[in-house]
$ cat coords.cif   # mmCIF, C-alpha atoms
data_start
loop_
_atom_site.label_atom_id
_atom_site.label_comp_id
_atom_site.auth_asym_id
_atom_site.auth_seq_id
_atom_site.Cartn_x
_atom_site.Cartn_y
_atom_site.Cartn_z
CA MET A 433 13.88 12.36 16.84
CA THR A 434 13.79 13.06 13.11
CA LEU A 435 11.63 11.41 10.45
CA LYS A 436 12.16 12.39 6.82
CA LEU A 437 11.29 11.46 3.26
CA ILE A 438 14.55 11.61 1.29
CA SER A 439 16.02 11.20 -2.19
CA SER A 440 18.62 8.64 -3.22
CA THR A 441 21.47 11.15 -2.94
CA GLU A 442 20.50 11.96 0.64
CA ALA A 443 20.69 8.28 1.59
CA LYS A 444 24.47 8.25 1.24
CA GLY A 445 26.21 7.94 4.58
CA THR A 446 23.16 6.52 6.36
CA TYR A 447 22.55 2.93 7.47
CA VAL A 448 20.39 1.53 4.67
CA ILE A 449 17.86 -1.27 5.24
CA ASP A 450 16.06 -3.14 2.48
CA ALA A 451 12.56 -4.10 3.68
CA ARG A 452 11.56 -6.14 0.62
CA SER A 453 11.40 -9.93 0.52
CA ARG A 454 14.62 -11.93 0.70
CA GLN A 455 14.15 -13.08 -2.91
CA GLU A 456 13.89 -9.49 -4.16
CA TYR A 457 16.89 -8.47 -2.09
CA ASP A 458 19.04 -11.28 -3.50
CA ARG A 459 18.14 -10.35 -7.08
CA GLY A 460 19.45 -6.84 -6.53
CA HIS A 461 19.68 -4.20 -3.83
CA ILE A 462 21.36 -0.93 -2.96
CA PRO A 463 25.06 -1.63 -2.31
CA GLY A 464 25.72 -2.07 1.39
CA ALA A 465 22.05 -2.36 2.30
CA VAL A 466 21.16 -4.74 5.11
CA HIS A 467 18.13 -6.98 4.71
CA LEU A 468 15.41 -6.93 7.38
CA GLU A 469 11.74 -7.88 7.05
CA TRP A 470 8.75 -6.66 9.06
CA GLU A 471 7.71 -10.26 9.74
CA ALA A 472 10.70 -10.68 12.08
CA PHE A 473 8.92 -8.53 14.68
CA VAL A 474 5.50 -10.19 14.84
CA GLU A 475 4.03 -12.99 16.92
CA SER A 476 3.55 -16.54 15.65
CA PRO A 477 -0.22 -17.08 16.00
CA ASP A 478 -0.10 -20.86 16.35
CA ALA A 479 -3.66 -21.12 17.66
CA ASN A 480 -5.25 -19.39 14.67
CA PRO A 481 -6.72 -21.29 11.70
CA ALA A 482 -4.88 -21.45 8.39
CA PRO A 483 -3.74 -19.34 6.63
CA PHE A 484 -3.43 -16.90 9.54
CA ASN A 485 -0.89 -19.07 11.36
CA GLN A 486 1.69 -18.58 8.60
CA LYS A 487 4.41 -15.99 8.08
CA GLY A 488 3.05 -12.84 6.51
CA TRP A 489 -0.54 -13.46 7.59
CA TRP A 490 -0.40 -11.98 11.08
CA GLY A 491 0.45 -8.42 12.13
CA ARG A 492 0.50 -8.19 15.93
CA LEU A 493 3.87 -7.07 17.25
CA LEU A 494 5.94 -9.26 19.51
CA SER A 495 5.32 -8.57 23.18
CA LEU A 496 8.00 -6.45 24.80
CA GLU A 497 7.14 -8.10 28.11
CA LYS A 498 7.71 -11.64 26.83
CA ASP A 499 9.91 -11.20 23.77
CA ARG A 500 12.27 -8.32 24.58
CA GLU A 501 15.36 -10.52 24.24
CA THR A 502 14.19 -11.82 20.87
CA ILE A 503 13.62 -8.27 19.63
CA GLN A 504 17.00 -7.18 20.99
CA ASN A 505 18.71 -10.01 19.12
CA ILE A 506 16.97 -9.14 15.85
CA LEU A 507 18.07 -5.52 16.13
CA GLN A 508 21.62 -6.50 17.02
CA GLU A 509 21.88 -8.98 14.14
CA ALA A 510 20.67 -6.22 11.80
CA GLY A 511 23.50 -3.99 13.02
CA LEU A 512 21.31 -1.31 14.56
CA GLU A 513 22.64 0.82 17.38
CA ASP A 514 21.72 3.92 19.36
CA GLY A 515 22.12 7.25 17.57
CA MET A 516 22.26 5.75 14.08
CA THR A 517 20.55 7.43 11.11
CA VAL A 518 18.61 4.71 9.32
CA THR A 519 17.16 4.77 5.80
CA VAL A 520 14.48 2.19 4.96
CA TYR A 521 13.28 1.34 1.48
CA ALA A 522 11.15 -1.14 -0.43
CA ASP A 523 9.47 -0.48 -3.78
CA GLY A 524 6.45 1.76 -3.50
CA PRO A 525 2.92 0.46 -4.18
CA ALA A 526 4.19 -2.97 -5.30
CA SER A 527 5.62 -3.61 -1.83
CA LYS A 528 2.20 -2.96 -0.21
CA GLY A 529 3.67 -1.06 2.71
CA ARG A 530 6.64 -3.23 3.66
CA GLU A 531 8.94 -0.24 4.12
CA GLY A 532 6.29 1.62 6.09
CA ARG A 533 5.66 -1.23 8.50
CA LEU A 534 9.35 -1.90 9.15
CA ALA A 535 10.13 1.80 9.54
CA TRP A 536 7.17 2.25 11.89
CA THR A 537 8.35 -0.72 13.97
CA LEU A 538 11.83 0.75 14.28
CA LEU A 539 10.39 4.12 15.31
CA TYR A 540 8.17 2.40 17.87
CA LEU A 541 11.24 0.65 19.29
CA SER A 542 13.02 4.07 19.41
CA VAL A 543 15.26 4.50 16.36
CA GLU A 544 15.97 8.20 16.75
CA ASN A 545 16.69 9.28 13.15
CA LEU A 546 14.80 7.53 10.38
CA ASN A 547 14.44 8.21 6.66
CA ILE A 548 12.11 6.73 4.06
CA LEU A 549 13.63 6.54 0.58
CA ASN A 550 11.10 8.24 -1.67
CA GLY A 551 10.41 6.11 -4.73
CA GLY A 552 12.07 3.07 -3.24
CA PHE A 553 14.34 0.72 -5.13
CA SER A 554 12.90 1.43 -8.57
CA GLN A 555 13.45 5.17 -8.28
CA TRP A 556 16.93 4.62 -6.86
CA CYS A 557 17.83 2.42 -9.84
CA LYS A 558 16.60 5.03 -12.31
CA GLU A 559 18.71 7.72 -10.73
CA GLN A 560 21.84 5.71 -10.01
CA GLU A 561 22.13 3.60 -13.16
CA GLN A 562 22.51 6.75 -15.23
CA GLU A 563 25.68 7.51 -13.29
CA GLN A 564 27.09 4.10 -12.37
CA GLY A 565 25.66 1.59 -14.83
CA GLU A 566 25.83 -2.05 -13.70
CA ASP A 567 27.79 -1.14 -10.57
CA ALA A 568 24.72 0.61 -9.17
CA ILE A 569 23.16 -2.66 -8.01
CA GLU A 570 24.54 -5.29 -5.65
CA THR A 571 23.27 -8.88 -5.74
CA GLY A 572 23.51 -11.90 -3.51
CA ALA A 573 23.04 -12.70 0.15
CA PRO A 574 22.90 -10.05 2.88
CA GLN A 575 26.22 -8.71 4.05
CA SER A 576 27.42 -9.63 7.52
CA VAL A 577 27.06 -6.93 10.15
CA ARG A 578 28.76 -6.10 13.40
CA LYS A 579 27.64 -8.14 16.40
CA GLU A 580 28.64 -5.77 19.17
CA CYS A 581 26.00 -3.15 18.32
CA ARG A 582 23.92 -1.84 21.21
CA PHE A 583 20.35 -0.68 20.74
CA THR A 584 18.26 0.54 23.66
CA ILE A 585 14.57 -0.37 23.33
CA LYS A 586 12.29 2.42 24.56
CA PRO A 587 8.82 1.76 23.10
CA ASP A 588 6.86 4.79 21.93
CA ASP A 589 3.31 3.78 22.81
CA SER A 590 1.92 6.96 21.26
CA ARG A 591 2.44 5.25 17.88
CA ARG A 592 0.32 2.18 18.59
CA ILE A 593 -3.14 1.15 19.76
CA LYS A 594 -3.66 -2.34 21.13
CA GLU A 595 -6.73 -4.54 20.72
CA GLU A 596 -8.65 -3.76 23.93
CA ALA A 597 -8.19 -0.02 23.44
CA MET A 598 -9.22 -0.25 19.78
CA VAL A 599 -12.45 -2.02 20.70
CA GLU A 600 -13.19 0.69 23.26
CA VAL A 601 -12.50 3.50 20.79
CA VAL A 602 -14.87 1.94 18.24
CA GLN A 603 -17.61 1.42 20.83
CA GLU A 604 -17.33 5.01 22.03
CA ASN A 605 -16.76 6.52 18.57
CA SER A 606 -14.01 8.59 20.16
CA ALA A 607 -11.39 8.80 17.40
CA THR A 608 -10.93 9.38 13.69
CA ILE A 609 -10.30 5.95 12.13
CA TRP A 610 -8.84 5.49 8.65
CA ASP A 611 -8.97 2.24 6.71
CA VAL A 612 -5.92 2.18 4.41
CA ARG A 613 -6.99 -0.68 2.16
CA THR A 614 -8.69 -0.37 -1.23
CA LYS A 615 -12.35 0.53 -1.76
CA ASP A 616 -13.23 -3.04 -2.71
CA GLU A 617 -11.65 -4.34 0.49
CA PHE A 618 -13.44 -1.63 2.50
CA ASP A 619 -16.77 -2.59 0.91
CA GLY A 620 -16.20 -6.30 1.57
CA LEU A 621 -15.83 -7.36 -2.07
CA LEU A 622 -12.42 -9.03 -1.84
CA HIS A 623 -10.48 -11.72 0.01
CA PRO A 624 -12.63 -14.82 0.54
CA TYR A 625 -10.14 -16.06 3.15
CA LEU A 626 -11.46 -13.49 5.65
CA PRO A 627 -14.10 -14.86 8.03
CA ARG A 628 -15.99 -11.58 7.65
CA LYS A 629 -15.48 -8.93 5.01
CA GLY A 630 -16.03 -5.18 5.15
CA HIS A 631 -14.66 -2.55 7.54
CA ILE A 632 -14.57 -1.52 11.18
CA PRO A 633 -17.56 0.65 12.18
CA GLY A 634 -16.85 4.37 12.05
CA ALA A 635 -13.86 4.02 9.72
CA SER A 636 -13.34 6.23 6.67
CA LEU A 637 -11.49 5.08 3.58
CA MET A 638 -7.98 6.42 2.96
CA PRO A 639 -6.88 4.12 0.10
CA PHE A 640 -3.24 3.11 0.04
CA PRO A 641 -2.76 3.70 -3.73
CA SER A 642 -3.70 7.37 -3.25
CA LEU A 643 -0.49 7.92 -1.25
CA PHE A 644 1.57 7.58 -4.45
CA GLU A 645 1.91 9.65 -7.58
CA GLU A 646 -0.03 8.08 -10.43
CA GLY A 647 2.10 5.53 -12.29
CA SER A 648 5.04 6.10 -9.94
CA THR A 649 6.72 4.61 -6.89
CA ARG A 650 7.12 8.10 -5.41
CA PHE A 651 4.85 9.43 -2.68
CA ILE A 652 2.49 12.32 -3.34
CA ASP A 653 3.74 15.72 -2.20
CA ARG A 654 2.71 17.50 0.97
CA ASP A 655 0.16 19.84 -0.62
CA THR A 656 -1.59 16.96 -2.36
CA TYR A 657 -1.71 14.99 0.86
CA LEU A 658 -3.11 17.89 2.89
CA LYS A 659 -5.89 18.40 0.33
CA MET A 660 -6.71 14.69 0.50
CA LEU A 661 -6.67 14.80 4.30
CA GLY A 662 -9.57 17.20 4.53
CA GLY A 663 -10.96 18.62 7.75
CA LYS A 664 -10.63 18.06 11.47
CA ARG A 665 -9.61 14.79 13.06
CA ILE A 666 -9.64 13.45 16.61
CA GLU A 667 -6.75 11.28 17.82
CA PRO A 668 -6.37 9.60 14.42
CA ILE A 669 -5.93 5.84 14.10
CA ALA A 670 -5.14 3.81 10.98
CA TYR A 671 -5.54 0.14 10.16
CA CYS A 672 -5.39 -2.20 7.19
CA GLU A 673 -5.18 -6.00 7.07
CA LEU A 674 -1.85 -6.39 8.87
CA GLY A 675 -0.64 -2.89 9.59
CA LEU A 676 1.68 -2.45 6.59
CA ARG A 677 -0.29 0.01 4.52
CA ALA A 678 -1.57 1.74 7.65
CA ALA A 679 1.98 2.21 8.93
CA THR A 680 2.97 3.78 5.62
CA LEU A 681 0.14 6.27 5.95
CA ALA A 682 1.23 7.00 9.52
CA LEU A 683 4.75 7.90 8.43
CA ILE A 684 3.64 10.12 5.54
CA HIS A 685 1.08 11.74 7.82
CA GLU A 686 3.73 12.51 10.44
CA ILE A 687 6.24 13.79 7.89
CA TYR A 688 3.69 16.14 6.30
CA THR A 689 1.72 17.27 9.38
CA GLY A 690 4.01 16.68 12.38
CA GLU A 691 1.21 14.70 14.01
CA LYS A 692 1.60 11.10 15.15
CA LEU A 693 -1.01 8.64 13.95
CA ARG A 694 -1.62 5.49 15.99
CA ILE A 695 -1.52 2.12 14.24
CA PHE A 696 -3.77 -0.81 15.02
CA ASP A 697 -1.09 -3.40 14.22
CA SER A 698 -3.36 -6.42 14.82
CA GLY A 699 -5.34 -5.15 11.86
CA PHE A 700 -8.58 -6.11 10.21
CA ILE A 701 -7.59 -9.78 10.12
CA TRP A 702 -7.65 -9.92 13.92
CA TRP A 703 -10.92 -7.96 13.98
CA SER A 704 -12.51 -10.21 11.38
CA LEU A 705 -11.54 -13.37 13.28
CA ASN A 706 -13.39 -12.17 16.40
CA SER A 707 -17.05 -12.88 15.69
CA ASN A 708 -18.25 -10.78 18.65
CA LEU A 709 -16.89 -7.59 17.03
CA PRO A 710 -19.03 -5.65 14.54
CA VAL A 711 -18.14 -5.37 10.85
CA ILE A 712 -19.86 -3.04 8.39
CA GLY A 713 -20.59 -4.32 4.89
CA SER A 714 -19.70 -7.87 5.89
CA ILE A 715 -20.44 -10.73 3.52
CA TYR A 716 -20.69 -14.14 5.17
#

$ encode --input "coords.cif" --output "structure tokens"
Amino acid sequence: MTLKLISSTEAKGTYVIDARSRQEYDRGHIPGAVHLEWEAFVESPDANPAPFNQKGWWGRLLSLEKDRETIQNILQEAGLEDGMTVTVYADGPASKGREGRLAWTLLYLSVENLNILNGGFSQWCKEQEQEQGEDAIETGAPQSVRKECRFTIKPDDSRRIKEEAMVEVVQENSATIWDVRTKDEFDGLLHPYLPRKGHIPGASLMPFPSLFEEGSTRFIDRDTYLKMLGGKRIEPIAYCELGLRAATLALIHEIYTGEKLRIFDSGFIWWSLNSNLPVIGSIY
């Protein structure tokens, strides 16, 4: 398995996936890119109160026990197949981790060779428009893909921590936990829609904006990340609201350190909805 952060020139010849919203994709995308959103792979939480029962408000992955056929169909419709080298992109900080969450999902499902396009769509446009002008961008609906593609699902559970295990880890204080939201979210100063605001006990802040160069859509370099990372860590876990920003951290962490970082994909929204679970800094 290979996981890399690449430039726009290195993306040529790979299977490119645009992880932004459908509206952004239609306005302009990398020529030949297939559209696929992270939301396609999550449960529909019908029993939860609004707004958490709507698309984009829930992060828990589909169950491989119950929904394997659904997942298989999504992957096939996207044209994914075994052995393919896939490049995923969105648009840096503005996308709030969409590329990270989709790429992490594909790795979890066992895409063997995966790239993240450093700088995303904005950086690609800057580099390509100088050479190709208006032809650099393709607009309109997603292209049709082959239907006979075969993708073998082999979940990598070392990339994920489920709810029961996360509760146990917090109770036992047995792992390094990073909260990948902003400081105001961590302190419980934002998002009135949350039943309880603050952070999971024992978590340390690793703010999502710090993963990017200042004023840029490009990720920070390895040396900068390692300095930010600091000292020792024990079986690191990351979370955010829905697992998008946390998944982005996980990929950068793995690329720069070689160490896998587990994602709590149910996220702080799930934690906040469960009144029996502790929250630090919560405002009711």

$ resolve_selection --input "coords.cif" --expression "the PyMOL selection byres ((chain A and resi 710) around 10)" --output "compact mmCIF listing (two decimals) with C-alpha atoms, in the frame of the given file"
# COMPACT_ATOMS: atom_id res chain seq x y z
CA VAL A 599 -12.45 -2.02 20.70
CA VAL A 602 -14.87 1.94 18.24
CA GLN A 603 -17.61 1.42 20.83
CA ARG A 628 -15.99 -11.58 7.65
CA GLY A 630 -16.03 -5.18 5.15
CA HIS A 631 -14.66 -2.55 7.54
CA ILE A 632 -14.57 -1.52 11.18
CA PRO A 633 -17.56 0.65 12.18
CA TRP A 703 -10.92 -7.96 13.98
CA SER A 704 -12.51 -10.21 11.38
CA ASN A 706 -13.39 -12.17 16.40
CA SER A 707 -17.05 -12.88 15.69
CA ASN A 708 -18.25 -10.78 18.65
CA LEU A 709 -16.89 -7.59 17.03
CA VAL A 711 -18.14 -5.37 10.85
CA ILE A 712 -19.86 -3.04 8.39
CA GLY A 713 -20.59 -4.32 4.89
CA SER A 714 -19.70 -7.87 5.89

$ atom_distance --input "coords.cif" --atom1 "atom CA of Gly662 of chain A" --atom2 "atom CA of Arg613 of chain A"
18.2 Å

$ resolve_selection --input "coords.cif" --expression "the PyMOL selection byres ((chain A and resi 470) around 12)" --output "PyMOL selection string"
chain A and resi 449-454+467-469+471-475+487-494+503+506-507+520-522+527-538+674-676+679+697

$ resolve_selection --input "coords.cif" --expression "the PyMOL selection byres ((chain A and resi 547) around 7)" --output "PyMOL selection string"
chain A and resi 435-438+518-520+545-546+548-549

$ axis_aligned_box --input "coords.cif" --around "segment 514-523 of chain A" --padding-each-side "5 Å" --output "JSON"
{"center_x": 15.9, "center_y": 3.1, "center_z": 7.8, "size_x": 22.8, "size_y": 18.6, "size_z": 33.1}

$ atom_distance --input "coords.cif" --atom1 "atom CA of Ser476 of chain A" --atom2 "atom CA of Gly524 of chain A"
26.6 Å

$ residues_near_point --input "coords.cif" --point "(-12.2, 17.2, 13.0)" --cutoff "12 Å" --atoms "all atoms listed in the file" --output "list in words"
Ser606, Ala607, Thr608, Ile609, Leu661, Gly662, Gly663, Lys664, Arg665, Ile666, Glu667 and Pro668 of chain A

$ residues_around --input "coords.cif" --residues "Glu544 of chain A" --least-positions-apart "5" --cutoff "7 Å" --atoms "all atoms listed in the file" --output "list in words"
Met433, Thr434 and Gly515 of chain A

$ closest_residue --input "coords.cif" --among "A:Ser642, A:Trp556, A:Ala682, A:Gly699" --to "Ala443 of chain A" --atoms "all atoms listed in the file"
A:Trp556

$ residues_around --input "coords.cif" --residues "segment 571-573 of chain A" --least-positions-apart "3" --cutoff "10 Å" --atoms "only C-alpha atoms" --output "ChimeraX atom specification"
/A:454-463,466-467,576

$ atom_distance --input "coords.cif" --atom1 "atom CA of Leu496 of chain A" --atom2 "atom CA of Arg582 of chain A"
17.0 Å

$ residues_around --input "coords.cif" --residues "Phe651 of chain A" --least-positions-apart "6" --cutoff "10 Å" --atoms "all atoms listed in the file" --output "VMD selection string"
chain A and resid 437 524 to 525 549 to 552 641 to 645 657 684

$ build_atoms --input "coords.cif" --residues "segment 622-643 of chain A" --atoms "N, CA and C atoms" --output "short mmCIF file (atom, residue, chain, number, x, y, z; two decimals), keeping the file's coordinate frame"
data_model
loop_
_atom_site.label_atom_id
_atom_site.label_comp_id
_atom_site.auth_asym_id
_atom_site.auth_seq_id
_atom_site.Cartn_x
_atom_site.Cartn_y
_atom_site.Cartn_z
N LEU A 622 -13.63 -8.26 -1.55
CA LEU A 622 -12.42 -9.03 -1.84
C LEU A 622 -12.06 -9.96 -0.68
N HIS A 623 -11.14 -10.87 -0.96
CA HIS A 623 -10.48 -11.72 0.01
C HIS A 623 -11.42 -12.73 0.69
N PRO A 624 -11.76 -13.79 -0.02
CA PRO A 624 -12.63 -14.82 0.54
C PRO A 624 -12.05 -15.54 1.75
N TYR A 625 -10.74 -15.41 1.99
CA TYR A 625 -10.14 -16.06 3.15
C TYR A 625 -10.54 -15.41 4.47
N LEU A 626 -11.06 -14.17 4.41
CA LEU A 626 -11.46 -13.49 5.65
C LEU A 626 -12.77 -14.09 6.17
N PRO A 627 -12.85 -14.36 7.47
CA PRO A 627 -14.10 -14.86 8.03
C PRO A 627 -15.27 -13.92 7.81
N ARG A 628 -14.99 -12.60 7.92
CA ARG A 628 -15.99 -11.58 7.65
C ARG A 628 -15.34 -10.46 6.87
N LYS A 629 -16.05 -9.94 5.89
CA LYS A 629 -15.48 -8.93 5.01
C LYS A 629 -16.20 -7.60 5.18
N GLY A 630 -15.47 -6.50 4.99
CA GLY A 630 -16.03 -5.18 5.15
C GLY A 630 -15.05 -4.30 5.90
N HIS A 631 -15.55 -3.46 6.81
CA HIS A 631 -14.66 -2.55 7.54
C HIS A 631 -15.14 -2.35 8.97
N ILE A 632 -14.27 -1.80 9.78
CA ILE A 632 -14.57 -1.52 11.18
C ILE A 632 -15.56 -0.35 11.25
N PRO A 633 -16.59 -0.45 12.08
CA PRO A 633 -17.56 0.65 12.18
C PRO A 633 -16.90 1.98 12.51
N GLY A 634 -17.36 3.03 11.82
CA GLY A 634 -16.85 4.37 12.05
C GLY A 634 -15.63 4.73 11.24
N ALA A 635 -15.07 3.76 10.51
CA ALA A 635 -13.86 4.02 9.72
C ALA A 635 -14.20 4.74 8.42
N SER A 636 -13.27 5.58 7.98
CA SER A 636 -13.34 6.23 6.67
C SER A 636 -12.23 5.68 5.80
N LEU A 637 -12.47 5.63 4.51
CA LEU A 637 -11.49 5.08 3.58
C LEU A 637 -10.40 6.09 3.26
N MET A 638 -9.16 5.65 3.39
CA MET A 638 -7.98 6.42 2.96
C MET A 638 -7.13 5.45 2.14
N PRO A 639 -7.47 5.23 0.87
CA PRO A 639 -6.88 4.12 0.10
C PRO A 639 -5.37 4.24 -0.10
N PHE A 640 -4.70 3.16 0.14
CA PHE A 640 -3.24 3.11 0.04
C PHE A 640 -2.71 3.61 -1.30
N PRO A 641 -3.30 3.22 -2.45
CA PRO A 641 -2.76 3.70 -3.73
C PRO A 641 -2.74 5.22 -3.86
N SER A 642 -3.63 5.92 -3.13
CA SER A 642 -3.70 7.37 -3.25
C SER A 642 -2.51 8.07 -2.61
N LEU A 643 -1.68 7.33 -1.87
CA LEU A 643 -0.49 7.92 -1.25
C LEU A 643 0.66 8.09 -2.25
#
